[in-house]
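Before any comments, here is the structure.
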Amino acid sequence: MATERTSAGDPARTLQLLWRATTDSGRRGPRRGLSVDAVVEAATAIADAEGLEALTMRRVAQTLGVVPMTLYTYVPGKAELLDLMLDAAYAGMPRADTAGQPWRDRVTAIARENMTLFESHPWAAAVSTARPPLGPGQMAKYEHELSVLDGLGLDDVTMDDCLSHLLAFVQASARAVADARTTRHDSSMDDQQWWEANAPLLARVFDADAYPTAARVGAAAGAAHGSAYDPGHAYAFGLRRVLDALGTLIDPHHK
């Protein structure tokens with residue numbers, strides 16, 4: 001399945017919709033009974049409940065009780081709708097006031113806010129934002145997140161690099177969490193149950209003497225986490241390493 005991405009629609013129309021710069025002045029015909037916000041809310045509810053695979057313009061129209069052609073008078077297509085959905089999700093993110101706190105606590109708060117976003121809207125973690133939706137939600141998010149890195153001795157380009165590195169890590173972690181959840185759902189068993197069911201099969205073919213390091217480390221990790229991979233532990237461990245890496249750039253300015 002192709003990866004969904006932002007900024008895949010008509011740029012001029014998308015920016016008009018993101019910033020609500022459109023106008024109905026001079027428009028002929030009956031008064032419209034919906035709004036762009038209503039369309040975005042309906043689409044987001046579908047994606048939250050069933051994923052982006054279930055999101056079509058026809059499905060949104062059915063949810064709103066209109067014919068599909070009516071929907072296109074509000075949003076040109078799914079590509080533009082996705083930008084609106086993600087920007088609205090950004091606009092609704094909680095933004096903690098961490099002024100005066102140590103920089104590691106402030107950066108951790110940004111990571112936590114983004115994980116909360118992906119927990120609320122799991123589909124958002126699967127969307128490529130290499131070309132981000134340049135709407136008010138995106139701009140407010142970017143401004144807020146940069147503020148935790150401002151004044152730490154970093155130049156502007158390095159600030160952006162640090163933030164991009166952090167957000168890429170969080171998004172990848174959120175995808176891993178979503179994958180683990182889907183796997184548990186599809187298999188109707190948790191990781192421990194799956195390993196218990198398959199361990200006897202593995203024991204018949206796996207030669208621990210041939211792979212001694214893998215056998216030792218795998219057993220230790222499995223005992224510690226209850227599975228071969230624990231996304232929660234991986235996130236906590238990885239975030240500490242991201243903070244350590246940023247510290248090599250930031251801490252020399254604060255000694």
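FYI, nothing fancy with the structure tokens labels: chains A, B, ... in order, residues from 1 per chain, ligands from 1 as they appear.
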Contacts of Arg95 in chain A within 12 Å, only C-alpha atoms, excl. fewer than 3 positions in-chain, as a count of residues only
23
Which of range 41-87 of chain A DSSP labels helix (DSSP H, G or I), written as a VMD selection string:
chain A and resid 41 to 50 52 to 54 57 to 64 68 to 71 78 to 87
List as a tab-separated table every residue of range 100-141 of chain A that is in contact with range 66-88 of chain A, defined as an atom at most 7 Å from one of its atoms (using only C-alpha atoms), together with the nearest atom pair and the distance in Å rounded to one decimal, sorted by chain and then rising number.
```
residue	atom	partner	partner_atom	distance
A:Ala124	CA	A:Leu86	CA	6.9
A:Pro133	CA	A:Asp83	CA	5.6
A:Gly135	CA	A:Asp87	CA	6.1
A:Gly137	CA	A:Asp87	CA	4.9
A:Gln138	CA	A:Asp87	CA	5.7
```
Determine, counting only C-alpha atoms, which protein, DNA and RNA residues have an atom within 12 Å of an atom of range 212-224 of chain A; residues of the same chain fewer than 2 positions away are not included. Present the result as a ChimeraX atom specification.
/A:191-192,195-196,199,202-203,206-210,226-230,233-234
Which residue gives the smallest distance to Thr129 in chain A among A:Arg20, A:Arg5, A:His225, A:His253, with only C-alpha atoms counted?
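Nearest to Thr129 in chain A: A:Arg5.
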Just how far from CA of Ala49 in chain A is CA of Pro122 in chain A, in Å to one decimal?
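So the answer is 9.2 Å.
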